[in-house]
Amino acid sequence: MKNLLLLEEDQEGREALAKVLRKRGFTVRQARDEATALAILAASPPMDMVLAGATERDRSEFLADVRERKPQVPVIFLSDYCGPEARLRGLAFGAFTMSRSLNFYINMRPVGLHELERLIRIVLGRRHAGRGMELIAA
């Protein structure tokens with residue numbers, strides 16, 4: 001079973017998504033804020049992936065903190081909108097590539113659960129198989 005860390009401020013949305021992901025066979029740890037997410041990321045058992053919805057700061061700042069602590073953990077950002085400036089900052093931290101930094105943006109809300117599950121499995125499968133991916137953006 002793969003361990004996912006779900007960061008989302010909205011408790012109702014976070015719990016609903018966590019419930020669905022558990023039904024699909026994942027272990028899910030929840031965090032309502034970045035400090036809690038980073039503490040969970042540092043603890044055992046190790047997280048296989050971070051799913052980050054709303055964050056207090058710019059997402060590139062959160063991503064920088066994750067990269068500093070756990071550089072190999074894939075991060076998927078769940079976003080209702082990601083403007084050009086945020087995308088450029090994200091690119092500076094490798095947000096749209098999975099080949100080296102293992103990050104990905106999904107610019108949609110509500111999240112399409114089938115698509116999200118498929119993306120999680122693809123990213124985790126490639127990570128554990130030791131394969132990289134070329135540039136991917138949504």
# chains A, B, ... in the order shown; residues from 1 in each chain; ligands from 1
>>> residues_around(residues="Asp33 in chain A", least_positions_apart="4", cutoff="9 Å", atoms="only C-alpha atoms", output="PDB file with C-alpha atoms, in the first residue's frame")
ATOM      1  CA  LEU A   7      -2.326  18.827   2.212  1.00  0.00           C
ATOM      2  CA  GLU A   8      -5.555  20.809   1.958  1.00  0.00           C
ATOM      3  CA  GLU A   9      -6.906  23.681   4.099  1.00  0.00           C
ATOM      4  CA  ALA A  37       2.535  18.479   6.211  1.00  0.00           C
ATOM      5  CA  LEU A  38       6.281  19.017   6.607  1.00  0.00           C
ATOM      6  CA  ALA A  54      -4.354  24.977  -0.992  1.00  0.00           C
ATOM      7  CA  THR A  55      -1.237  26.190   0.810  1.00  0.00           C
ATOM      8  CA  GLU A  56      -0.713  29.285   2.955  1.00  0.00           C
TER       9      GLU A  56
END
>>> atom_distance(atom1="CA of Asp65 in chain A", atom2="CA of Ala39 in chain A")
11.2 Å
>>> atom_distance(atom1="CA of Leu78 in chain A", atom2="CA of Ala18 in chain A")
13.5 Å
>>> select_by_dssp(residues="range 9-85 of chain A", states="alpha helix (DSSP H)", output="ChimeraX atom specification")
/A:11-23,34-42,59-69,84-85
>>> residues_around(residues="range 41-47 of chain A", least_positions_apart="5", cutoff="12 Å", atoms="only C-alpha atoms", output="NGL selection string")
:A and (1-7 or 26-31 or 34-36 or 65-75 or 124)
>>> residues_around(residues="Leu116 in chain A", least_positions_apart="3", cutoff="10 Å", atoms="only C-alpha atoms", output="VMD selection string")
chain A and resid 21 51 76 78 106 111 to 113 119 to 122
>>> write_last_selection(atoms="N, CA and C atoms", output="PDB file, in the first residue's frame")
ATOM      1  N   LEU A  21      -9.535   8.107  -1.711  1.00  0.00           N
ATOM      2  CA  LEU A  21      -8.215   7.515  -1.971  1.00  0.00           C
ATOM      3  C   LEU A  21      -7.998   6.258  -1.135  1.00  0.00           C
ATOM      4  N   LEU A  51       0.263  15.166  -2.160  1.00  0.00           N
ATOM      5  CA  LEU A  51      -0.798  15.811  -2.934  1.00  0.00           C
ATOM      6  C   LEU A  51      -1.078  17.129  -2.226  1.00  0.00           C
ATOM      7  N   ILE A  76       2.267  16.347  -6.344  1.00  0.00           N
ATOM      8  CA  ILE A  76       1.218  16.710  -7.291  1.00  0.00           C
ATOM      9  C   ILE A  76       0.455  17.863  -6.679  1.00  0.00           C
ATOM     10  N   LEU A  78      -2.799  20.188  -6.700  1.00  0.00           N
ATOM     11  CA  LEU A  78      -4.186  20.222  -7.133  1.00  0.00           C
ATOM     12  C   LEU A  78      -4.606  21.689  -7.108  1.00  0.00           C
ATOM     13  N   ILE A 106      -1.964  19.780 -11.572  1.00  0.00           N
ATOM     14  CA  ILE A 106      -3.260  19.512 -12.173  1.00  0.00           C
ATOM     15  C   ILE A 106      -4.050  20.801 -12.007  1.00  0.00           C
ATOM     16  N   VAL A 111     -11.474  17.960  -8.566  1.00  0.00           N
ATOM     17  CA  VAL A 111     -10.530  16.991  -9.085  1.00  0.00           C
ATOM     18  C   VAL A 111     -11.291  15.826  -9.714  1.00  0.00           C
ATOM     19  N   GLY A 112     -10.900  15.448 -10.919  1.00  0.00           N
ATOM     20  CA  GLY A 112     -11.438  14.255 -11.548  1.00  0.00           C
ATOM     21  C   GLY A 112     -10.789  13.040 -10.893  1.00  0.00           C
ATOM     22  N   LEU A 113     -11.533  12.307 -10.097  1.00  0.00           N
ATOM     23  CA  LEU A 113     -10.951  11.250  -9.274  1.00  0.00           C
ATOM     24  C   LEU A 113     -10.298  10.135 -10.077  1.00  0.00           C
ATOM     25  N   LEU A 119      -3.054   9.219 -12.498  1.00  0.00           N
ATOM     26  CA  LEU A 119      -1.811   9.977 -12.438  1.00  0.00           C
ATOM     27  C   LEU A 119      -0.954   9.540 -11.253  1.00  0.00           C
ATOM     28  N   ILE A 120      -1.578   9.353 -10.089  1.00  0.00           N
ATOM     29  CA  ILE A 120      -0.845   8.898  -8.899  1.00  0.00           C
ATOM     30  C   ILE A 120      -0.162   7.565  -9.196  1.00  0.00           C
ATOM     31  N   ARG A 121      -0.905   6.637  -9.773  1.00  0.00           N
ATOM     32  CA  ARG A 121      -0.337   5.314 -10.051  1.00  0.00           C
ATOM     33  C   ARG A 121       0.783   5.384 -11.096  1.00  0.00           C
ATOM     34  N   ILE A 122       0.628   6.231 -12.098  1.00  0.00           N
ATOM     35  CA  ILE A 122       1.680   6.386 -13.110  1.00  0.00           C
ATOM     36  C   ILE A 122       2.942   6.945 -12.475  1.00  0.00           C
TER      37      ILE A 122
END
>>> decode(residues="range 30-61 of chain A", atoms="N, CA, C and O atoms", output="mmCIF file, in the first residue's frame")
data_model
loop_
_atom_site.group_PDB
_atom_site.id
_atom_site.type_symbol
_atom_site.label_atom_id
_atom_site.label_comp_id
_atom_site.auth_asym_id
_atom_site.auth_seq_id
_atom_site.Cartn_x
_atom_site.Cartn_y
_atom_site.Cartn_z
ATOM 1 N N GLN A 30 -3.319 13.122 6.512
ATOM 2 C CA GLN A 30 -3.876 14.422 6.180
ATOM 3 C C GLN A 30 -3.187 15.546 6.936
ATOM 4 O O GLN A 30 -2.812 15.378 8.091
ATOM 5 N N ALA A 31 -3.062 16.692 6.266
ATOM 6 C CA ALA A 31 -2.522 17.895 6.889
ATOM 7 C C ALA A 31 -3.371 19.082 6.447
ATOM 8 O O ALA A 31 -3.701 19.202 5.271
ATOM 9 N N ARG A 32 -3.698 19.945 7.393
ATOM 10 C CA ARG A 32 -4.493 21.127 7.050
ATOM 11 C C ARG A 32 -3.613 22.338 6.774
ATOM 12 O O ARG A 32 -4.080 23.350 6.275
ATOM 13 N N ASP A 33 -2.308 22.235 7.135
ATOM 14 C CA ASP A 33 -1.403 23.356 6.899
ATOM 15 C C ASP A 33 -0.010 22.827 6.550
ATOM 16 O O ASP A 33 0.292 21.653 6.719
ATOM 17 N N GLU A 34 0.813 23.740 6.068
ATOM 18 C CA GLU A 34 2.143 23.356 5.606
ATOM 19 C C GLU A 34 3.028 22.824 6.719
ATOM 20 O O GLU A 34 3.781 21.863 6.507
ATOM 21 N N ALA A 35 2.965 23.431 7.897
ATOM 22 C CA ALA A 35 3.813 22.980 9.006
ATOM 23 C C ALA A 35 3.503 21.529 9.360
ATOM 24 O O ALA A 35 4.417 20.721 9.561
ATOM 25 N N THR A 36 2.222 21.188 9.421
ATOM 26 C CA THR A 36 1.824 19.810 9.714
ATOM 27 C C THR A 36 2.278 18.876 8.596
ATOM 28 O O THR A 36 2.781 17.787 8.849
ATOM 29 N N ALA A 37 2.122 19.306 7.345
ATOM 30 C CA ALA A 37 2.535 18.479 6.211
ATOM 31 C C ALA A 37 4.035 18.194 6.259
ATOM 32 O O ALA A 37 4.465 17.056 6.063
ATOM 33 N N LEU A 38 4.830 19.210 6.549
ATOM 34 C CA LEU A 38 6.281 19.017 6.607
ATOM 35 C C LEU A 38 6.679 18.117 7.774
ATOM 36 O O LEU A 38 7.611 17.319 7.654
ATOM 37 N N ALA A 39 5.959 18.212 8.897
ATOM 38 C CA ALA A 39 6.238 17.333 10.043
ATOM 39 C C ALA A 39 5.910 15.882 9.688
ATOM 40 O O ALA A 39 6.674 14.967 10.016
ATOM 41 N N ILE A 40 4.788 15.664 9.016
ATOM 42 C CA ILE A 40 4.413 14.306 8.592
ATOM 43 C C ILE A 40 5.441 13.772 7.601
ATOM 44 O O ILE A 40 5.842 12.613 7.669
ATOM 45 N N LEU A 41 5.871 14.628 6.697
ATOM 46 C CA LEU A 41 6.846 14.213 5.692
ATOM 47 C C LEU A 41 8.151 13.761 6.336
ATOM 48 O O LEU A 41 8.803 12.842 5.850
ATOM 49 N N ALA A 42 8.507 14.372 7.453
ATOM 50 C CA ALA A 42 9.754 14.033 8.145
ATOM 51 C C ALA A 42 9.637 12.784 9.012
ATOM 52 O O ALA A 42 10.639 12.194 9.392
ATOM 53 N N ALA A 43 8.415 12.374 9.320
ATOM 54 C CA ALA A 43 8.184 11.261 10.249
ATOM 55 C C ALA A 43 8.123 9.921 9.511
ATOM 56 O O ALA A 43 8.206 9.851 8.300
ATOM 57 N N SER A 44 7.974 8.856 10.284
ATOM 58 C CA SER A 44 7.789 7.515 9.736
ATOM 59 C C SER A 44 6.319 7.160 9.803
ATOM 60 O O SER A 44 5.624 7.634 10.689
ATOM 61 N N PRO A 45 5.810 6.335 8.918
ATOM 62 C CA PRO A 45 6.498 5.748 7.780
ATOM 63 C C PRO A 45 6.729 6.813 6.707
ATOM 64 O O PRO A 45 6.032 7.822 6.677
ATOM 65 N N PRO A 46 7.683 6.568 5.797
ATOM 66 C CA PRO A 46 7.954 7.554 4.761
ATOM 67 C C PRO A 46 6.769 7.704 3.808
ATOM 68 O O PRO A 46 6.060 6.732 3.526
ATOM 69 N N MET A 47 6.562 8.913 3.341
ATOM 70 C CA MET A 47 5.497 9.175 2.383
ATOM 71 C C MET A 47 6.019 8.894 0.980
ATOM 72 O O MET A 47 7.159 9.200 0.650
ATOM 73 N N ASP A 48 5.168 8.285 0.158
ATOM 74 C CA ASP A 48 5.532 7.986 -1.220
ATOM 75 C C ASP A 48 5.223 9.143 -2.162
ATOM 76 O O ASP A 48 5.771 9.218 -3.256
ATOM 77 N N MET A 49 4.306 10.035 -1.723
ATOM 78 C CA MET A 49 3.886 11.142 -2.576
ATOM 79 C C MET A 49 3.192 12.195 -1.731
ATOM 80 O O MET A 49 2.581 11.871 -0.714
ATOM 81 N N VAL A 50 3.267 13.455 -2.199
ATOM 82 C CA VAL A 50 2.530 14.558 -1.588
ATOM 83 C C VAL A 50 1.508 15.053 -2.596
ATOM 84 O O VAL A 50 1.844 15.317 -3.751
ATOM 85 N N LEU A 51 0.263 15.166 -2.160
ATOM 86 C CA LEU A 51 -0.798 15.811 -2.934
ATOM 87 C C LEU A 51 -1.078 17.129 -2.226
ATOM 88 O O LEU A 51 -1.511 17.119 -1.069
ATOM 89 N N ALA A 52 -0.830 18.241 -2.878
ATOM 90 C CA ALA A 52 -0.965 19.540 -2.218
ATOM 91 C C ALA A 52 -2.058 20.356 -2.882
ATOM 92 O O ALA A 52 -1.958 20.717 -4.046
ATOM 93 N N GLY A 53 -3.092 20.632 -2.111
ATOM 94 C CA GLY A 53 -4.135 21.545 -2.549
ATOM 95 C C GLY A 53 -3.739 22.946 -2.134
ATOM 96 O O GLY A 53 -2.627 23.395 -2.394
ATOM 97 N N ALA A 54 -4.616 23.613 -1.431
ATOM 98 C CA ALA A 54 -4.354 24.977 -0.992
ATOM 99 C C ALA A 54 -3.219 25.006 0.025
ATOM 100 O O ALA A 54 -3.129 24.155 0.897
ATOM 101 N N THR A 55 -2.329 25.974 -0.131
ATOM 102 C CA THR A 55 -1.237 26.190 0.810
ATOM 103 C C THR A 55 -1.246 27.648 1.241
ATOM 104 O O THR A 55 -1.744 28.512 0.518
ATOM 105 N N GLU A 56 -0.698 27.918 2.435
ATOM 106 C CA GLU A 56 -0.713 29.285 2.955
ATOM 107 C C GLU A 56 0.161 30.211 2.121
ATOM 108 O O GLU A 56 -0.152 31.364 1.906
ATOM 109 N N ARG A 57 1.291 29.710 1.704
ATOM 110 C CA ARG A 57 2.243 30.504 0.930
ATOM 111 C C ARG A 57 2.140 30.136 -0.541
ATOM 112 O O ARG A 57 1.382 29.263 -0.922
ATOM 113 N N ASP A 58 2.949 30.777 -1.331
ATOM 114 C CA ASP A 58 3.065 30.413 -2.727
ATOM 115 C C ASP A 58 3.488 28.944 -2.802
ATOM 116 O O ASP A 58 4.328 28.499 -2.029
ATOM 117 N N ARG A 59 2.937 28.213 -3.727
ATOM 118 C CA ARG A 59 3.239 26.787 -3.822
ATOM 119 C C ARG A 59 4.703 26.514 -4.100
ATOM 120 O O ARG A 59 5.239 25.502 -3.686
ATOM 121 N N SER A 60 5.366 27.407 -4.817
ATOM 122 C CA SER A 60 6.789 27.182 -5.091
ATOM 123 C C SER A 60 7.598 27.237 -3.804
ATOM 124 O O SER A 60 8.598 26.527 -3.666
ATOM 125 N N GLU A 61 7.167 28.032 -2.827
ATOM 126 C CA GLU A 61 7.851 28.077 -1.535
ATOM 127 C C GLU A 61 7.653 26.764 -0.783
ATOM 128 O O GLU A 61 8.592 26.230 -0.184
#
